[in-house]
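Peer 1: Below you'll find the structure I mean.
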Amino acid sequence: MDDEQILAATVGEPPPTYQEVVLVEYDPRWPALFEQAAEQIRGALGDAALEIHHVGSTSVPGLMAKPRIDINLVVADTTDEEAYVPKLEAAGYVLRIREPDWFEHRLLRGAEPPVNLHVFPPECPEVERMLLFRDWLRKNDADRELYARTKRELGAQEWKYVQNYADAKTAVVEEILARAQAAPR
């Protein structure tokens, strides 16, 4: 994503620039923080929360991560923001990203606990991709270490936006996903 795309997708204030990418060692409290956030989301949305998944590095025991829980939320229609955004805002979330060209993805941020809430429509291939990546890293030591090493190396660099750091991981993510997809299930 180039700077123009990052700014175009941003809702509200532009993202901070030149932030340090803070990576911490795995925290065994992360699954409980996910459960706490999932309860908040279910409480806010009820049956409108079709699926809630803990994804990202905080969902992989032993993997270092930015200390923010990544959650995938599936709702019936991400473009119908009135159906879910106000309810999530009442629970403390803030809409920060709207990406109509990428699966109609929305991202809301929560502060307590710290969450990146990714909102996708039903049967979105990105949801399945993220779950496959998570599950593969949970059981494959070599790829988990490759990913950790890549994160450490990239995290030590200076990035204009945190999204630039995330984008820089794409090649290794695709490499790992290719192995996961080729593995017998």
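Following the order of the structure tokens, chains are lettered A, B, ..., residues in each are numbered from 1, and ligands are numbered from 1.
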Can you pull out every residue within 9 Å of Leu177 in chain A, counting only C-alpha atoms, but drop anything in the same chain fewer than 5 positions away, and send it as a list in words?
Peer 2: Arg129, Leu132, Phe133, Trp136, Val172 and Ala182 of chain A
Peer 1: Would you list the contacts of range 160-171 of chain A as a list in words, taking every protein, DNA or RNA residue within 9 Å and counting only C-alpha atoms, but skipping same-chain residues closer than 6 positions in sequence?
Peer 2: Met1, Asp2, Asp3, Ile6, Pro15, Pro16, Thr17, Tyr18, Gln19, Glu20, Val21, Tyr147, Thr150, Lys151 and Leu154 of chain A
Peer 1: Measuring atom to atom with only C-alpha atoms, identify which of A:Leu88, A:Leu33, A:Ala76, A:Leu117 is nearest to Ile52 in chain A.
Peer 2: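 Closest to Ile52 in chain A, using only C-alpha atoms: A:Leu117.
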Peer 1: Can you tell me which residues surround range 55-61 of chain A at a distance of at most 8 Å, considering only C-alpha atoms, apart from same-chain residues fewer than 6 positions away, and format the answer as a PyMOL selection string?
Peer 2: chain A and resi 26-28+30-31+67-72+130-131+134-135+137-138
Peer 1: Restricting the output to N, CA, C and O atoms, write the selected residues as a PDB file, in the first residue's frame.
Peer 2:
ATOM      1  N   TYR A  26       5.963 -13.229  23.347  1.00  0.00           N
ATOM      2  CA  TYR A  26       4.622 -13.766  23.530  1.00  0.00           C
ATOM      3  C   TYR A  26       4.166 -13.583  24.980  1.00  0.00           C
ATOM      4  O   TYR A  26       4.907 -13.863  25.921  1.00  0.00           O
ATOM      5  N   ASP A  27       2.944 -13.148  25.143  1.00  0.00           N
ATOM      6  CA  ASP A  27       2.353 -12.942  26.467  1.00  0.00           C
ATOM      7  C   ASP A  27       1.222 -13.962  26.646  1.00  0.00           C
ATOM      8  O   ASP A  27       0.243 -13.939  25.896  1.00  0.00           O
ATOM      9  N   PRO A  28       1.341 -14.860  27.611  1.00  0.00           N
ATOM     10  CA  PRO A  28       0.310 -15.886  27.802  1.00  0.00           C
ATOM     11  C   PRO A  28      -1.064 -15.313  28.168  1.00  0.00           C
ATOM     12  O   PRO A  28      -2.051 -16.042  28.162  1.00  0.00           O
ATOM     13  N   TRP A  30      -2.558 -13.093  26.290  1.00  0.00           N
ATOM     14  CA  TRP A  30      -3.233 -12.688  25.058  1.00  0.00           C
ATOM     15  C   TRP A  30      -4.505 -13.472  24.760  1.00  0.00           C
ATOM     16  O   TRP A  30      -5.503 -12.877  24.352  1.00  0.00           O
ATOM     17  N   PRO A  31      -4.533 -14.797  24.931  1.00  0.00           N
ATOM     18  CA  PRO A  31      -5.810 -15.497  24.687  1.00  0.00           C
ATOM     19  C   PRO A  31      -6.947 -14.987  25.583  1.00  0.00           C
ATOM     20  O   PRO A  31      -8.087 -14.855  25.128  1.00  0.00           O
ATOM     21  N   PRO A  67       1.879  -5.627  20.789  1.00  0.00           N
ATOM     22  CA  PRO A  67       0.940  -5.970  21.866  1.00  0.00           C
ATOM     23  C   PRO A  67      -0.471  -5.428  21.621  1.00  0.00           C
ATOM     24  O   PRO A  67      -0.997  -4.618  22.368  1.00  0.00           O
ATOM     25  N   ARG A  68      -1.088  -5.883  20.545  1.00  0.00           N
ATOM     26  CA  ARG A  68      -2.459  -5.491  20.177  1.00  0.00           C
ATOM     27  C   ARG A  68      -3.104  -6.742  19.595  1.00  0.00           C
ATOM     28  O   ARG A  68      -2.569  -7.354  18.688  1.00  0.00           O
ATOM     29  N   ILE A  69      -4.242  -7.118  20.112  1.00  0.00           N
ATOM     30  CA  ILE A  69      -4.935  -8.340  19.702  1.00  0.00           C
ATOM     31  C   ILE A  69      -5.612  -8.114  18.348  1.00  0.00           C
ATOM     32  O   ILE A  69      -6.400  -7.184  18.193  1.00  0.00           O
ATOM     33  N   ASP A  70      -5.295  -8.957  17.371  1.00  0.00           N
ATOM     34  CA  ASP A  70      -5.973  -8.910  16.072  1.00  0.00           C
ATOM     35  C   ASP A  70      -7.151  -9.869  16.111  1.00  0.00           C
ATOM     36  O   ASP A  70      -7.010 -11.039  16.476  1.00  0.00           O
ATOM     37  N   ILE A  71      -8.309  -9.344  15.709  1.00  0.00           N
ATOM     38  CA  ILE A  71      -9.537 -10.136  15.697  1.00  0.00           C
ATOM     39  C   ILE A  71     -10.209  -9.960  14.339  1.00  0.00           C
ATOM     40  O   ILE A  71     -10.302  -8.845  13.827  1.00  0.00           O
ATOM     41  N   ASN A  72     -10.645 -11.078  13.768  1.00  0.00           N
ATOM     42  CA  ASN A  72     -11.496 -11.033  12.579  1.00  0.00           C
ATOM     43  C   ASN A  72     -12.941 -11.174  13.022  1.00  0.00           C
ATOM     44  O   ASN A  72     -13.279 -12.110  13.750  1.00  0.00           O
ATOM     45  N   MET A 130      -6.210 -16.064   6.731  1.00  0.00           N
ATOM     46  CA  MET A 130      -5.635 -15.693   8.030  1.00  0.00           C
ATOM     47  C   MET A 130      -5.710 -16.854   9.022  1.00  0.00           C
ATOM     48  O   MET A 130      -4.784 -17.054   9.817  1.00  0.00           O
ATOM     49  N   LEU A 131      -6.788 -17.604   8.971  1.00  0.00           N
ATOM     50  CA  LEU A 131      -6.911 -18.758   9.867  1.00  0.00           C
ATOM     51  C   LEU A 131      -5.918 -19.854   9.481  1.00  0.00           C
ATOM     52  O   LEU A 131      -5.313 -20.480  10.362  1.00  0.00           O
ATOM     53  N   ARG A 134      -2.495 -18.676  10.711  1.00  0.00           N
ATOM     54  CA  ARG A 134      -2.417 -18.835  12.171  1.00  0.00           C
ATOM     55  C   ARG A 134      -2.211 -20.301  12.551  1.00  0.00           C
ATOM     56  O   ARG A 134      -1.315 -20.639  13.322  1.00  0.00           O
ATOM     57  N   ASP A 135      -3.056 -21.177  12.002  1.00  0.00           N
ATOM     58  CA  ASP A 135      -3.002 -22.588  12.370  1.00  0.00           C
ATOM     59  C   ASP A 135      -1.683 -23.232  11.950  1.00  0.00           C
ATOM     60  O   ASP A 135      -1.137 -24.071  12.670  1.00  0.00           O
ATOM     61  N   LEU A 137       1.272 -21.653  11.636  1.00  0.00           N
ATOM     62  CA  LEU A 137       2.330 -21.170  12.522  1.00  0.00           C
ATOM     63  C   LEU A 137       2.247 -21.811  13.904  1.00  0.00           C
ATOM     64  O   LEU A 137       3.266 -22.009  14.565  1.00  0.00           O
ATOM     65  N   ARG A 138       1.065 -22.165  14.342  1.00  0.00           N
ATOM     66  CA  ARG A 138       0.905 -22.818  15.645  1.00  0.00           C
ATOM     67  C   ARG A 138       1.580 -24.183  15.666  1.00  0.00           C
ATOM     68  O   ARG A 138       2.030 -24.630  16.726  1.00  0.00           O
TER      69      ARG A 138
END
Peer 1: Looking at only C-alpha atoms, which of A:Phe120, A:Gly43, A:His54, A:Ala38 is the one that sits closest to Asp80 in chain A?
Peer 2: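 Closest residue, counting only C-alpha atoms: A:Phe120.
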Peer 1: Nearest to Ala8 in chain A: which of A:Val75, A:Val24, A:Ala83, A:Ile97 is it, counting only C-alpha atoms?
Peer 2: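 Residue with the minimum atom-to-atom distance to Ala8 in chain A: A:Ile97.
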Peer 1: Mind the document's chain letters and residue numbers, and return as JSON, numbers by chain the residues of range 42-162 of chain A that DSSP labels alpha helix (DSSP H).
Peer 2: {"A": [42, 43, 44, 45, 85, 86, 87, 88, 89, 90, 125, 126, 127, 128, 129, 130, 131, 132, 133, 134, 135, 136, 137, 138, 139, 141, 142, 143, 144, 145, 146, 147, 148, 149, 150, 151, 152, 153, 154, 155, 162]}
Peer 1: Quick one: of A:Ala9, A:Glu39, A:Met64, A:Arg185, who's nearest to His105 in chain A, counting only C-alpha atoms?
Peer 2: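 Looking at the shortest contact to His105 in chain A, the residue is A:Ala9.
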Peer 1: Between CA of Val85 in chain A and CA of Leu108 in chain A, what distance in Å does the model show, to one decimal?
Peer 2: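 So the answer is 8.5 Å.
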Peer 1: Find the residue from A:Arg29, A:Arg96, A:Lys66, A:His53 that sits nearest to Thr10 in chain A; use only C-alpha atoms when measuring.
Peer 2: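 Counting only C-alpha atoms, the residue closest to Thr10 in chain A is A:Arg96.
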Peer 1: Hey, what does DSSP flag as strand (DSSP E) within range 4-178 of chain A? Can you give it to me as a VMD selection string?
Peer 2: chain A and resid 51 to 55 69 to 74 93 to 99 105 to 111 114 to 120
Peer 1: Could you take the residues named above and write them with C-alpha atoms, as a PDB file, in the first residue's frame?
Peer 2:
ATOM      1  CA  GLU A  51     -17.877 -15.167  13.382  1.00  0.00           C
ATOM      2  CA  ILE A  52     -15.166 -13.926  15.743  1.00  0.00           C
ATOM      3  CA  HIS A  53     -11.607 -15.270  15.388  1.00  0.00           C
ATOM      4  CA  HIS A  54      -8.349 -14.538  17.187  1.00  0.00           C
ATOM      5  CA  VAL A  55      -5.784 -14.039  14.395  1.00  0.00           C
ATOM      6  CA  ILE A  69      -4.935  -8.340  19.702  1.00  0.00           C
ATOM      7  CA  ASP A  70      -5.973  -8.910  16.072  1.00  0.00           C
ATOM      8  CA  ILE A  71      -9.537 -10.136  15.697  1.00  0.00           C
ATOM      9  CA  ASN A  72     -11.496 -11.033  12.579  1.00  0.00           C
ATOM     10  CA  LEU A  73     -15.190 -10.253  12.823  1.00  0.00           C
ATOM     11  CA  VAL A  74     -17.607 -11.420  10.145  1.00  0.00           C
ATOM     12  CA  TYR A  93     -14.162   0.909  19.326  1.00  0.00           C
ATOM     13  CA  VAL A  94     -13.258   3.562  16.734  1.00  0.00           C
ATOM     14  CA  LEU A  95     -13.591   3.099  12.968  1.00  0.00           C
ATOM     15  CA  ARG A  96     -10.132   3.822  11.501  1.00  0.00           C
ATOM     16  CA  ILE A  97      -9.938   2.135   8.079  1.00  0.00           C
ATOM     17  CA  ARG A  98     -12.379   1.586   5.231  1.00  0.00           C
ATOM     18  CA  GLU A  99     -11.084  -0.429   2.241  1.00  0.00           C
ATOM     19  CA  HIS A 105     -12.669  -4.550   4.846  1.00  0.00           C
ATOM     20  CA  ARG A 106     -13.193  -2.250   7.805  1.00  0.00           C
ATOM     21  CA  LEU A 107     -10.864  -1.855  10.761  1.00  0.00           C
ATOM     22  CA  LEU A 108     -11.880  -0.584  14.164  1.00  0.00           C
ATOM     23  CA  ARG A 109      -9.497  -0.034  17.055  1.00  0.00           C
ATOM     24  CA  GLY A 110     -10.279  -0.862  20.632  1.00  0.00           C
ATOM     25  CA  ALA A 111      -8.302   0.391  23.608  1.00  0.00           C
ATOM     26  CA  PRO A 114      -5.922  -3.046  22.775  1.00  0.00           C
ATOM     27  CA  VAL A 115      -7.500  -4.530  19.621  1.00  0.00           C
ATOM     28  CA  ASN A 116      -7.355  -4.265  15.851  1.00  0.00           C
ATOM     29  CA  LEU A 117     -10.827  -5.435  14.841  1.00  0.00           C
ATOM     30  CA  HIS A 118     -10.876  -6.488  11.175  1.00  0.00           C
ATOM     31  CA  VAL A 119     -14.406  -6.683   9.787  1.00  0.00           C
ATOM     32  CA  PHE A 120     -15.102  -8.856   6.745  1.00  0.00           C
TER      33      PHE A 120
END
